[in-house]
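In what follows, a single structure is set out as structure tokens and then discussed.
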Amino acid sequence: MHFQLPQPLSNLLKATSLWQENYLILREFKHFRKIAILAVVFSILAATFEGVSIGFLLSFLQSLTSPSAQPVQTGIEWFDIWILGAKTSAINRLYRVSLLILLSTWLRATFNYFSQVYTELSQLNLGDRLRKQIFEQLQSLSLSYFSTTRSGELINTITTEIERIRQGFSSGAFLMTRGLTTLVYLISMFLISWQLTLISALLFTLLGVGLSNLNARVRESSFGMTTANANFTSTAVEFINGIRTVHTCGTQEFERQRFYKASDKIVSTTTKVVFTWTIVKPIAEGVATTVLVGMIILAFTSLVTNGTLQVASLLTFFFVLFRFIPFVQDINGTRAFLSTLHGSADNVKKLLKSDEKDYFQNGTIKFNSLKRSINLVSVDFGYDNQNLVLHNITLTIEKGKMTALVGASGAGKTTLADLIPRFYNATDGYLYIDEIDVRQFEINSLRRKIAVVSQDTFIFNTDVWQNIAYGTPEATNEEIQEAAKLANALEFILEMPEGFNTQLGDRGVRLSGGQRQRIAIARALLRNPEILILDEATSALDSVSERLIQDSLERLSVGKTVIAIAHRLSTIAKADKVVVLEHGRIVEQGKYQELLELKGKLWEYHNMQYNNS
Ligand SMILES: Nc1ncnc2c1ncn2[C@@H]1O[C@H](COP(=O)(O)OP(=O)(O)OP(=O)(O)O)[C@@H](O)[C@H]1O
């Protein structure tokens, strides 16, 4: 069944500031509107039956206090006669009304149960949708977004802040049910005594207005609380990820202070919120009790003594008022709690918002294979708008050839190589693959043909099989073993306690640097790429394995296009073209021997390396 809100209702909803401010969150309801509507419907039914039981209660008390009096009549003849038993004896009426009270109470309890179940389910769905929405957002943002955002902050948004919004939904639903029931109470009270109801309504409204001011303050301080949470998660994530560096550098005390400070900040900002938020309920309670006592005195001294109100009606009125007060307190308390969530909502909305974010724009042309060359034409690139890292790069990388990038640390070699699989877009200039702008290619079809073996290969916390086959799920065990063998990784894998089934731990902590790199090479070998980017691929290996891997890479490179970045010149001596970069500019390019004869930059590096070793 497909639920849809009626158009006018939907338009009305969209005109509210609640919708406009929280559109990015509320739009998720459309994915589980059936559940959300059921939650609302059951809440309405529960509230209605609360009112119905009050009606029956009045009849019940009347039957008790003045059995001979005319019973309460609804005006619906069949109902008054057959259901309430208006024409039967007082005791009969008492039985009937008692039965009706029980029935309506059970029904109310049942509806309450379903309203709670569907509210919880809606809440679960909201959390689920928001997490997935953020995942989609993170997947579609360009990599540069992650260079400028702390990962801990993102983790905080996905976990803590979404959890708080989820709680916010159930509080919102609670507010709605409480609101509806309060309305039903108000109507019942109004029917019993409009004078007393008007006075109570006026006093409670004044109370509500007074408390709004406090809620605004809670809202303000909630932003500080969210910032403190985000900062704390970032600090904790950095501390755990960098634990080896902390031990190596002996900075435990420094980290302790940083961690404690971040944790203290959560305490201080939250304390501020707690003090303001929790004061709401006691204030509401005190004022409400004063109102109640005042009303009892007023009712007795005027309305009952002059006969305007029956004792049964008065008792029912106070019974309802008595139940009404905690509801009003709940409403105020929940409103205050909801105010504490503005910071969280803001945080999630900021991440989901699409303006001022750099999105990855996918192309449509399917990349099948490299036919001629990759051409960079006057390419400039900067990670931010202020500082260019690459300047005016014009370069041809020919199919089937090995192009080596050489230069000092920070010269821009990795950055240049990252432009080919389009990890980043050129800030200016063009990158063509076979004369087609790289931006026009469907990115996954291009990246499937490229393998990158980089300095910081990520090893997943799963077994060796899956780590090598990452990106090639269709690979057979034989193929995986063959790739491991070619990458010179088979031996150490088989020496591990469970061989290929060994779990590699978070980020591959159970592997040495060289082993990690060999897993990465095996991963690349398995993908059998057309274009191979080797970024310092052999730097973490001992000389024996380096030679073995060098051989396997040479075999693999036959007929493939290789872009190799290596500090050790021995690994690139056979390159078809060597490109020397300095401060993001190409200063030399040509064959290794030709460049040596020029006695320029490569010659300097060459001498430095071979004279030192
Ligand atoms: N994600 C990033 N965000 C901002 N700046 C970056 C980023 N990555 C690198 N840089 C900067 O870009 C410049 C070039 O870095 P790159 O990693 O390309 O140099 P490299 O020649 O590969 O160095 P190395 O040989 O040390 O790996 C450096 O100044 C570096 O600080």
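Each chain in the structure tokens gets a letter, A, B and so on, in the order shown; residues start at 1 in every chain, and ligands are counted from 1 in the order they appear.
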Can you tell me which residues come within 10 Å of ligand 1 when counting only C-alpha atoms and all ligand atoms, ideally as a PyMOL selection string? chain A and resi 143-148+381-384+387-390+405-418+424+454-455+535-536+565-567+581-584
Just to be explicit: take each residue in the selection above, keep N, CA and C atoms, and write the result as a compact mmCIF listing (two decimals), in the first residue's frame.
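The file below, selection_32.txt, is the result:
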# COMPACT_ATOMS: atom_id res chain seq x y z
N LEU A 143 37.56 14.08 -3.41
CA LEU A 143 38.51 13.73 -2.35
C LEU A 143 39.03 14.96 -1.61
N SER A 144 38.99 16.12 -2.28
CA SER A 144 39.54 17.31 -1.63
C SER A 144 38.75 17.65 -0.36
N TYR A 145 37.47 17.27 -0.30
CA TYR A 145 36.67 17.53 0.90
C TYR A 145 37.32 16.87 2.12
N PHE A 146 37.86 15.67 1.89
CA PHE A 146 38.42 14.92 3.01
C PHE A 146 39.79 15.46 3.44
N SER A 147 40.43 16.23 2.55
CA SER A 147 41.71 16.83 2.94
C SER A 147 41.47 17.94 3.95
N THR A 148 40.26 18.51 3.93
CA THR A 148 40.03 19.67 4.79
C THR A 148 39.09 19.36 5.96
N PHE A 381 47.55 22.73 -10.71
CA PHE A 381 46.71 22.10 -9.70
C PHE A 381 47.06 22.62 -8.31
N GLY A 382 46.01 22.85 -7.51
CA GLY A 382 46.20 23.22 -6.11
C GLY A 382 45.16 22.51 -5.27
N TYR A 383 45.53 22.08 -4.06
CA TYR A 383 44.55 21.43 -3.18
C TYR A 383 43.55 22.45 -2.65
N ASP A 384 44.01 23.72 -2.59
CA ASP A 384 43.07 24.79 -2.24
C ASP A 384 43.27 25.91 -3.25
N ASN A 387 47.08 27.99 -2.97
CA ASN A 387 48.43 27.51 -3.27
C ASN A 387 48.43 26.47 -4.38
N LEU A 388 49.12 26.79 -5.48
CA LEU A 388 49.25 25.79 -6.55
C LEU A 388 50.38 24.84 -6.20
N VAL A 389 50.14 23.54 -6.43
CA VAL A 389 51.16 22.53 -6.15
C VAL A 389 51.81 22.10 -7.47
N LEU A 390 51.04 22.14 -8.56
CA LEU A 390 51.59 21.84 -9.89
C LEU A 390 51.41 23.07 -10.78
N LEU A 405 58.65 9.44 -12.59
CA LEU A 405 58.62 10.79 -12.04
C LEU A 405 59.66 10.87 -10.93
N VAL A 406 60.54 11.85 -11.05
CA VAL A 406 61.64 12.00 -10.09
C VAL A 406 61.61 13.41 -9.54
N GLY A 407 62.03 13.56 -8.31
CA GLY A 407 62.09 14.91 -7.74
C GLY A 407 62.20 14.84 -6.24
N ALA A 408 62.50 15.98 -5.64
CA ALA A 408 62.64 16.00 -4.18
C ALA A 408 61.29 15.75 -3.53
N SER A 409 61.33 15.44 -2.24
CA SER A 409 60.10 15.23 -1.50
C SER A 409 59.25 16.51 -1.53
N GLY A 410 57.97 16.35 -1.84
CA GLY A 410 57.08 17.51 -1.89
C GLY A 410 57.09 18.20 -3.24
N ALA A 411 57.81 17.64 -4.23
CA ALA A 411 57.89 18.29 -5.54
C ALA A 411 56.57 18.19 -6.31
N GLY A 412 55.72 17.21 -5.93
CA GLY A 412 54.41 17.09 -6.59
C GLY A 412 54.26 15.82 -7.40
N LYS A 413 55.11 14.82 -7.19
CA LYS A 413 55.07 13.60 -8.00
C LYS A 413 53.77 12.82 -7.77
N THR A 414 53.44 12.60 -6.47
CA THR A 414 52.21 11.86 -6.16
C THR A 414 50.99 12.63 -6.65
N THR A 415 51.02 13.93 -6.46
CA THR A 415 49.89 14.76 -6.88
C THR A 415 49.67 14.61 -8.39
N LEU A 416 50.76 14.64 -9.14
CA LEU A 416 50.64 14.51 -10.60
C LEU A 416 50.03 13.14 -10.96
N ALA A 417 50.56 12.10 -10.32
CA ALA A 417 50.04 10.75 -10.63
C ALA A 417 48.57 10.63 -10.24
N ASP A 418 48.15 11.30 -9.15
CA ASP A 418 46.76 11.23 -8.69
C ASP A 418 45.76 11.85 -9.68
N TYR A 424 41.74 13.82 -8.28
CA TYR A 424 41.49 15.27 -8.26
C TYR A 424 41.38 15.75 -9.70
N SER A 454 50.56 2.40 -3.70
CA SER A 454 51.07 3.66 -3.17
C SER A 454 51.75 3.47 -1.83
N GLN A 455 52.29 4.60 -1.32
CA GLN A 455 53.01 4.56 -0.04
C GLN A 455 52.09 4.19 1.11
N ASP A 535 53.85 4.10 -6.74
CA ASP A 535 54.34 5.23 -5.97
C ASP A 535 55.24 4.71 -4.86
N GLU A 536 56.53 4.76 -5.04
CA GLU A 536 57.51 4.26 -4.08
C GLU A 536 57.24 2.80 -3.74
N ILE A 565 57.01 6.22 -9.54
CA ILE A 565 57.62 7.26 -8.72
C ILE A 565 58.58 6.55 -7.78
N ALA A 566 59.84 6.89 -7.83
CA ALA A 566 60.78 6.22 -6.93
C ALA A 566 61.91 7.15 -6.57
N HIS A 567 62.27 7.12 -5.31
CA HIS A 567 63.42 7.92 -4.90
C HIS A 567 64.71 7.24 -5.31
N LEU A 581 60.74 16.71 -11.60
CA LEU A 581 59.88 17.78 -11.09
C LEU A 581 60.61 18.56 -10.01
N GLU A 582 60.42 19.86 -10.03
CA GLU A 582 60.95 20.67 -8.94
C GLU A 582 59.92 21.74 -8.60
N HIS A 583 59.53 21.79 -7.33
CA HIS A 583 58.51 22.74 -6.88
C HIS A 583 57.29 22.76 -7.80
N GLY A 584 56.86 21.57 -8.21
CA GLY A 584 55.64 21.48 -9.00
C GLY A 584 55.80 21.82 -10.47
Tell me which protein, DNA and RNA residues are within 9 Å of A:Arg448, counting only C-alpha atoms, leaving out same-chain ones fewer than 3 positions away, and put them as a ChimeraX atom specification. /A:443-445,451,471,527,529-530
Output for the residues just chosen: C-alpha atoms as an mmCIF file, in the first residue's frame:
data_model
loop_
_atom_site.group_PDB
_atom_site.id
_atom_site.type_symbol
_atom_site.label_atom_id
_atom_site.label_comp_id
_atom_site.auth_asym_id
_atom_site.auth_seq_id
_atom_site.Cartn_x
_atom_site.Cartn_y
_atom_site.Cartn_z
ATOM 1 C CA ILE A 443 35.045 7.025 -13.698
ATOM 2 C CA ASN A 444 34.731 3.424 -12.551
ATOM 3 C CA SER A 445 35.338 2.084 -16.044
ATOM 4 C CA ALA A 451 46.042 0.034 -10.328
ATOM 5 C CA GLY A 471 38.231 -4.724 -6.098
ATOM 6 C CA ARG A 527 43.553 -6.604 -11.192
ATOM 7 C CA PRO A 529 45.644 -3.251 -14.953
ATOM 8 C CA GLU A 530 46.408 -1.517 -18.207
#
Which residues are near A:Ser557? Cut-off 9 Å, only C-alpha atoms, ignore same chain within fewer than 4 positions. Put them as a list in words. Gly400, Lys401, Met402, Glu530, Ile531, Leu532, Ser552, Leu553, Thr561 and Val562 of chain A
Can I get the selection written as a short mmCIF file (atom, residue, chain, number, x, y, z; two decimals), in the first residue's frame, with N, CA and C atoms?
data_model
loop_
_atom_site.label_atom_id
_atom_site.label_comp_id
_atom_site.auth_asym_id
_atom_site.auth_seq_id
_atom_site.Cartn_x
_atom_site.Cartn_y
_atom_site.Cartn_z
N GLY A 400 52.07 1.70 -23.14
CA GLY A 400 53.05 0.62 -23.15
C GLY A 400 54.43 1.02 -22.72
N LYS A 401 54.61 2.28 -22.36
CA LYS A 401 55.94 2.74 -21.96
C LYS A 401 55.98 2.97 -20.45
N MET A 402 57.19 3.07 -19.92
CA MET A 402 57.33 3.38 -18.50
C MET A 402 57.79 4.83 -18.37
N GLU A 530 45.75 -2.00 -16.99
CA GLU A 530 46.41 -1.52 -18.21
C GLU A 530 47.39 -0.43 -17.86
N ILE A 531 47.00 0.34 -16.83
CA ILE A 531 47.86 1.45 -16.40
C ILE A 531 48.24 1.17 -14.95
N LEU A 532 49.53 1.23 -14.70
CA LEU A 532 50.01 0.89 -13.37
C LEU A 532 50.71 2.11 -12.78
N SER A 552 59.18 -9.21 -11.06
CA SER A 552 57.77 -9.50 -11.34
C SER A 552 57.06 -8.27 -11.91
N LEU A 553 57.46 -7.10 -11.42
CA LEU A 553 56.86 -5.88 -11.95
C LEU A 553 57.25 -5.67 -13.41
N THR A 561 51.15 0.37 -19.43
CA THR A 561 51.63 1.74 -19.27
C THR A 561 51.95 1.94 -17.80
N VAL A 562 53.19 2.26 -17.50
CA VAL A 562 53.59 2.37 -16.10
C VAL A 562 54.01 3.80 -15.78
#
Neighbours of stretch 472-476 of chain A within 12 Å (only C-alpha atoms; same-chain residues fewer than 3 positions away dropped), as a list in words? Arg448, Lys449, Ala451, Trp465, Gln466, Asn467, Ile468, Ala469, Glu479, Ile480, Gln481, Glu482, Ala483, Ala522, Arg523, Ala524, Leu525, Leu526, Arg527, Asn528 and Pro529 of chain A
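The residue that comes closest to A:Tyr432, out of A:Leu596, A:Val452, A:Leu370, A:Ala312 and on the basis of only C-alpha atoms, is A:Leu370.
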For stretch 289-294 of chain A: contacts at 12 Å, only C-alpha atoms, fewer than 6 positions along chain excluded, given as a VMD selection string: chain A and resid 196 to 197 199 to 207 282 to 283 300 to 301 317 to 326 328 to 329
Same residues, C-alpha atoms, saved as a tab-separated table (two decimals), in the first residue's frame:
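Saved the output as again.tsv:
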chain	number	residue	atom	x	y	z
A	196	LEU	CA	-12.65	26.55	35.24
A	197	THR	CA	-11.14	25.44	31.94
A	199	ILE	CA	-8.86	29.97	33.89
A	200	SER	CA	-6.60	26.88	33.77
A	201	ALA	CA	-5.85	27.33	30.06
A	202	LEU	CA	-4.90	30.96	30.63
A	203	LEU	CA	-2.55	30.12	33.49
A	204	PHE	CA	-0.89	27.25	31.61
A	205	THR	CA	-0.42	29.38	28.51
A	206	LEU	CA	1.35	32.01	30.62
A	207	LEU	CA	3.56	29.26	31.98
A	282	PRO	CA	10.46	21.75	38.41
A	283	ILE	CA	9.31	25.27	37.49
A	300	PHE	CA	-15.67	25.14	46.01
A	301	THR	CA	-16.22	28.70	47.07
A	317	PHE	CA	-12.83	17.83	36.38
A	318	PHE	CA	-10.11	17.56	38.98
A	319	PHE	CA	-9.37	14.00	38.04
A	320	VAL	CA	-8.75	15.19	34.47
A	321	LEU	CA	-6.83	18.25	35.64
A	322	PHE	CA	-4.72	16.04	37.83
A	323	ARG	CA	-3.80	13.88	34.86
A	324	PHE	CA	-3.49	16.94	32.67
A	325	ILE	CA	-0.74	18.59	34.75
A	326	PRO	CA	1.95	15.90	34.31
A	328	VAL	CA	1.81	19.72	30.49
A	329	GLN	CA	5.02	19.17	32.43
When you draw a straight line from atom CA of A:Gly343 to atom CA of A:Thr269, how long is it in Å?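 According to the coordinates, atom CA of A:Gly343 and atom CA of A:Thr269 are separated by 11.9 Å.
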Give me, as an mmCIF file with N, CA and C atoms, in the first residue's frame, the residues of stretch 366-529 of chain A that a backbone DSSP run labels helix (DSSP H, G or I).
data_model
loop_
_atom_site.group_PDB
_atom_site.id
_atom_site.type_symbol
_atom_site.label_atom_id
_atom_site.label_comp_id
_atom_site.auth_asym_id
_atom_site.auth_seq_id
_atom_site.Cartn_x
_atom_site.Cartn_y
_atom_site.Cartn_z
ATOM 1 N N LYS A 413 55.109 14.825 -7.190
ATOM 2 C CA LYS A 413 55.071 13.595 -7.996
ATOM 3 C C LYS A 413 53.766 12.823 -7.767
ATOM 4 N N THR A 414 53.437 12.603 -6.473
ATOM 5 C CA THR A 414 52.207 11.864 -6.162
ATOM 6 C C THR A 414 50.993 12.634 -6.654
ATOM 7 N N THR A 415 51.018 13.926 -6.456
ATOM 8 C CA THR A 415 49.892 14.757 -6.880
ATOM 9 C C THR A 415 49.669 14.608 -8.386
ATOM 10 N N LEU A 416 50.758 14.644 -9.140
ATOM 11 C CA LEU A 416 50.640 14.513 -10.595
ATOM 12 C C LEU A 416 50.034 13.144 -10.961
ATOM 13 N N ALA A 417 50.556 12.096 -10.323
ATOM 14 C CA ALA A 417 50.044 10.752 -10.632
ATOM 15 C C ALA A 417 48.568 10.630 -10.240
ATOM 16 N N ASP A 418 48.151 11.305 -9.154
ATOM 17 C CA ASP A 418 46.758 11.235 -8.691
ATOM 18 C C ASP A 418 45.762 11.850 -9.679
ATOM 19 N N LEU A 419 46.260 12.679 -10.584
ATOM 20 C CA LEU A 419 45.345 13.306 -11.543
ATOM 21 C C LEU A 419 44.879 12.302 -12.603
ATOM 22 N N VAL A 438 39.596 13.674 -19.652
ATOM 23 C CA VAL A 438 39.409 12.614 -18.648
ATOM 24 C C VAL A 438 38.068 12.755 -17.923
ATOM 25 N N ARG A 439 37.548 14.001 -17.837
ATOM 26 C CA ARG A 439 36.291 14.231 -17.128
ATOM 27 C C ARG A 439 35.094 13.638 -17.846
ATOM 28 N N GLN A 440 35.300 13.278 -19.119
ATOM 29 C CA GLN A 440 34.165 12.718 -19.868
ATOM 30 C C GLN A 440 34.014 11.209 -19.672
ATOM 31 N N ILE A 443 33.818 7.150 -14.486
ATOM 32 C CA ILE A 443 35.045 7.025 -13.698
ATOM 33 C C ILE A 443 35.405 5.584 -13.320
ATOM 34 N N ASN A 444 34.384 4.781 -12.977
ATOM 35 C CA ASN A 444 34.731 3.424 -12.551
ATOM 36 C C ASN A 444 35.281 2.583 -13.687
ATOM 37 N N SER A 445 34.802 2.846 -14.913
ATOM 38 C CA SER A 445 35.338 2.084 -16.044
ATOM 39 C C SER A 445 36.810 2.441 -16.259
ATOM 40 N N LEU A 446 37.161 3.695 -15.966
ATOM 41 C CA LEU A 446 38.563 4.104 -16.100
ATOM 42 C C LEU A 446 39.407 3.528 -14.958
ATOM 43 N N ARG A 447 38.873 3.663 -13.735
ATOM 44 C CA ARG A 447 39.678 3.234 -12.575
ATOM 45 C C ARG A 447 39.862 1.721 -12.538
ATOM 46 N N VAL A 464 43.414 -12.474 4.444
ATOM 47 C CA VAL A 464 44.331 -12.187 3.336
ATOM 48 C C VAL A 464 43.610 -12.356 1.993
ATOM 49 N N TRP A 465 42.776 -13.373 1.891
ATOM 50 C CA TRP A 465 42.033 -13.590 0.636
ATOM 51 C C TRP A 465 41.341 -12.306 0.205
ATOM 52 N N GLN A 466 40.534 -11.796 1.149
ATOM 53 C CA GLN A 466 39.704 -10.637 0.790
ATOM 54 C C GLN A 466 40.533 -9.382 0.563
ATOM 55 N N ASN A 467 41.640 -9.269 1.293
ATOM 56 C CA ASN A 467 42.479 -8.090 1.102
ATOM 57 C C ASN A 467 43.117 -8.068 -0.280
ATOM 58 N N ILE A 468 43.549 -9.238 -0.744
ATOM 59 C CA ILE A 468 44.167 -9.270 -2.083
ATOM 60 C C ILE A 468 43.088 -9.114 -3.149
ATOM 61 N N ASN A 477 40.530 -18.597 -5.932
ATOM 62 C CA ASN A 477 41.606 -18.764 -4.951
ATOM 63 C C ASN A 477 42.945 -19.002 -5.641
ATOM 64 N N GLU A 478 42.923 -19.722 -6.772
ATOM 65 C CA GLU A 478 44.167 -20.001 -7.502
ATOM 66 C C GLU A 478 44.763 -18.692 -8.006
ATOM 67 N N GLU A 479 43.900 -17.831 -8.533
ATOM 68 C CA GLU A 479 44.394 -16.544 -9.061
ATOM 69 C C GLU A 479 44.988 -15.699 -7.940
ATOM 70 N N ILE A 480 44.322 -15.729 -6.785
ATOM 71 C CA ILE A 480 44.814 -14.940 -5.646
ATOM 72 C C ILE A 480 46.188 -15.470 -5.213
ATOM 73 N N GLN A 481 46.291 -16.802 -5.148
ATOM 74 C CA GLN A 481 47.576 -17.389 -4.745
ATOM 75 C C GLN A 481 48.673 -17.050 -5.746
ATOM 76 N N GLU A 482 48.329 -17.072 -7.028
ATOM 77 C CA GLU A 482 49.293 -16.768 -8.073
ATOM 78 C C GLU A 482 49.781 -15.319 -7.938
ATOM 79 N N ALA A 483 48.822 -14.417 -7.680
ATOM 80 C CA ALA A 483 49.193 -13.001 -7.522
ATOM 81 C C ALA A 483 50.105 -12.838 -6.310
ATOM 82 N N ALA A 484 49.782 -13.549 -5.218
ATOM 83 C CA ALA A 484 50.609 -13.462 -4.007
ATOM 84 C C ALA A 484 52.017 -13.972 -4.305
ATOM 85 N N LYS A 485 52.073 -15.040 -5.104
ATOM 86 C CA LYS A 485 53.369 -15.616 -5.441
ATOM 87 C C LYS A 485 54.198 -14.612 -6.251
ATOM 88 N N LEU A 486 53.561 -14.024 -7.265
ATOM 89 C CA LEU A 486 54.266 -13.054 -8.111
ATOM 90 C C LEU A 486 54.734 -11.837 -7.322
ATOM 91 N N LEU A 490 53.754 -14.917 -1.045
ATOM 92 C CA LEU A 490 53.227 -16.243 -0.702
ATOM 93 C C LEU A 490 53.909 -16.834 0.533
ATOM 94 N N GLU A 491 55.217 -16.664 0.548
ATOM 95 C CA GLU A 491 55.986 -17.303 1.633
ATOM 96 C C GLU A 491 55.544 -16.817 3.010
ATOM 97 N N PHE A 492 55.495 -15.497 3.185
ATOM 98 C CA PHE A 492 55.136 -15.011 4.534
ATOM 99 C C PHE A 492 53.658 -15.249 4.841
ATOM 100 N N ILE A 493 52.824 -15.289 3.802
ATOM 101 C CA ILE A 493 51.396 -15.555 4.059
ATOM 102 C C ILE A 493 51.245 -16.973 4.609
ATOM 103 N N LEU A 494 51.955 -17.920 3.976
ATOM 104 C CA LEU A 494 51.832 -19.314 4.414
ATOM 105 C C LEU A 494 52.445 -19.535 5.797
ATOM 106 N N GLU A 495 53.358 -18.650 6.172
ATOM 107 C CA GLU A 495 53.956 -18.777 7.512
ATOM 108 C C GLU A 495 53.044 -18.247 8.617
ATOM 109 N N GLY A 499 47.412 -18.879 7.533
ATOM 110 C CA GLY A 499 47.675 -18.688 6.112
ATOM 111 C C GLY A 499 46.803 -17.599 5.507
ATOM 112 N N PHE A 500 46.162 -17.927 4.391
ATOM 113 C CA PHE A 500 45.329 -16.942 3.701
ATOM 114 C C PHE A 500 44.092 -16.560 4.513
ATOM 115 N N ASN A 501 43.762 -17.363 5.532
ATOM 116 C CA ASN A 501 42.577 -17.046 6.343
ATOM 117 C C ASN A 501 42.912 -16.141 7.519
ATOM 118 N N ASP A 506 43.182 -4.137 12.327
ATOM 119 C CA ASP A 506 42.884 -2.774 11.886
ATOM 120 C C ASP A 506 44.051 -2.207 11.095
ATOM 121 N N ARG A 507 43.779 -1.732 9.891
ATOM 122 C CA ARG A 507 44.815 -1.140 9.026
ATOM 123 C C ARG A 507 45.998 -2.071 8.814
ATOM 124 N N GLY A 508 45.794 -3.368 8.992
ATOM 125 C CA GLY A 508 46.873 -4.321 8.755
ATOM 126 C C GLY A 508 47.980 -4.256 9.785
ATOM 127 N N GLY A 513 55.723 -3.320 7.379
ATOM 128 C CA GLY A 513 55.546 -2.373 6.288
ATOM 129 C C GLY A 513 55.750 -3.031 4.930
ATOM 130 N N GLY A 514 56.835 -3.846 4.830
ATOM 131 C CA GLY A 514 57.142 -4.516 3.565
ATOM 132 C C GLY A 514 56.077 -5.531 3.199
ATOM 133 N N GLN A 515 55.551 -6.224 4.216
ATOM 134 C CA GLN A 515 54.501 -7.214 3.947
ATOM 135 C C GLN A 515 53.233 -6.527 3.456
ATOM 136 N N ARG A 516 52.935 -5.415 4.097
ATOM 137 C CA ARG A 516 51.749 -4.651 3.674
ATOM 138 C C ARG A 516 51.869 -4.273 2.203
ATOM 139 N N GLN A 517 53.078 -3.848 1.849
ATOM 140 C CA GLN A 517 53.286 -3.401 0.482
ATOM 141 C C GLN A 517 53.169 -4.562 -0.512
ATOM 142 N N ARG A 518 53.622 -5.727 -0.077
ATOM 143 C CA ARG A 518 53.532 -6.879 -0.980
ATOM 144 C C ARG A 518 52.088 -7.323 -1.174
ATOM 145 N N ILE A 519 51.288 -7.185 -0.099
ATOM 146 C CA ILE A 519 49.844 -7.479 -0.249
ATOM 147 C C ILE A 519 49.254 -6.507 -1.277
ATOM 148 N N ALA A 520 49.698 -5.252 -1.174
ATOM 149 C CA ALA A 520 49.187 -4.236 -2.096
ATOM 150 C C ALA A 520 49.599 -4.548 -3.528
ATOM 151 N N ILE A 521 50.814 -5.041 -3.697
ATOM 152 C CA ILE A 521 51.282 -5.374 -5.049
ATOM 153 C C ILE A 521 50.485 -6.567 -5.577
ATOM 154 N N ALA A 522 50.234 -7.537 -4.710
ATOM 155 C CA ALA A 522 49.438 -8.687 -5.136
ATOM 156 C C ALA A 522 48.039 -8.227 -5.558
ATOM 157 N N ARG A 523 47.475 -7.280 -4.797
ATOM 158 C CA ARG A 523 46.154 -6.738 -5.120
ATOM 159 C C ARG A 523 46.168 -6.118 -6.520
ATOM 160 N N ALA A 524 47.247 -5.365 -6.789
ATOM 161 C CA ALA A 524 47.363 -4.704 -8.086
ATOM 162 C C ALA A 524 47.574 -5.730 -9.204
ATOM 163 N N LEU A 525 48.389 -6.745 -8.924
ATOM 164 C CA LEU A 525 48.670 -7.771 -9.937
ATOM 165 C C LEU A 525 47.392 -8.499 -10.336
ATOM 166 N N LEU A 526 46.562 -8.770 -9.325
ATOM 167 C CA LEU A 526 45.324 -9.500 -9.563
ATOM 168 C C LEU A 526 44.392 -8.716 -10.485
ATOM 169 N N ARG A 527 44.452 -7.428 -10.372
ATOM 170 C CA ARG A 527 43.553 -6.604 -11.192
ATOM 171 C C ARG A 527 44.019 -6.533 -12.642
#
For each of A:Thr364, A:Ile192, A:Leu175, A:Leu351, take the minimum atom-to-atom distance to A:Asn332, counting only C-alpha atoms, then give the residue where this is smallest. A:Leu175
If you measure from atom CA of A:Lys350 to atom CA of A:Ile37, what distance in Å do you get, rounded to one decimal?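 Going from atom CA of A:Lys350 over to atom CA of A:Ile37, I get 27.7 Å.
Minimum atom-to-atom distances from A:Asn611, A:Ser222, A:Thr177, A:Thr48 to A:Ala345 were compared using only C-alpha atoms, and the lowest value belongs to A:Ser222.
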For each of A:Leu186, A:Thr308, A:Thr394, A:Leu314, take the minimum atom-to-atom distance to A:Ile296, counting only C-alpha atoms, then give the residue where this is smallest.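 Under the stated criterion, the closest residue is A:Leu314.
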What's the separation between atom CA of A:Lys601 and atom CA of A:Val587, in Å to one decimal place?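 Atom CA of A:Lys601 sits 7.8 Å away from atom CA of A:Val587.
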Which of A:Ala109, A:Val348, A:Leu126, A:Leu569 sits closest to A:Thr160 [using only C-alpha atoms]: A:Val348
The residue from A:Leu124, A:Leu341, A:Leu38, A:Ala284 with the smallest atom-to-atom distance to A:Thr226, counting only C-alpha atoms, is A:Leu341
Which residues come within 12 Å of A:Thr340, counting only C-alpha atoms, excluding same-chain residues fewer than 5 positions away, as a ChimeraX atom specification? /A:161,164-165,167-168,171,214-226,269-278,333-335,345-346
Find the residues near A:Leu138: any atom within 12 Å, counting only C-alpha atoms, skip ones fewer than 6 places away on the same chain, and give them as a ChimeraX atom specification. /A:131-132,144-146,149,151,154-155,157-158,351-354,357-360
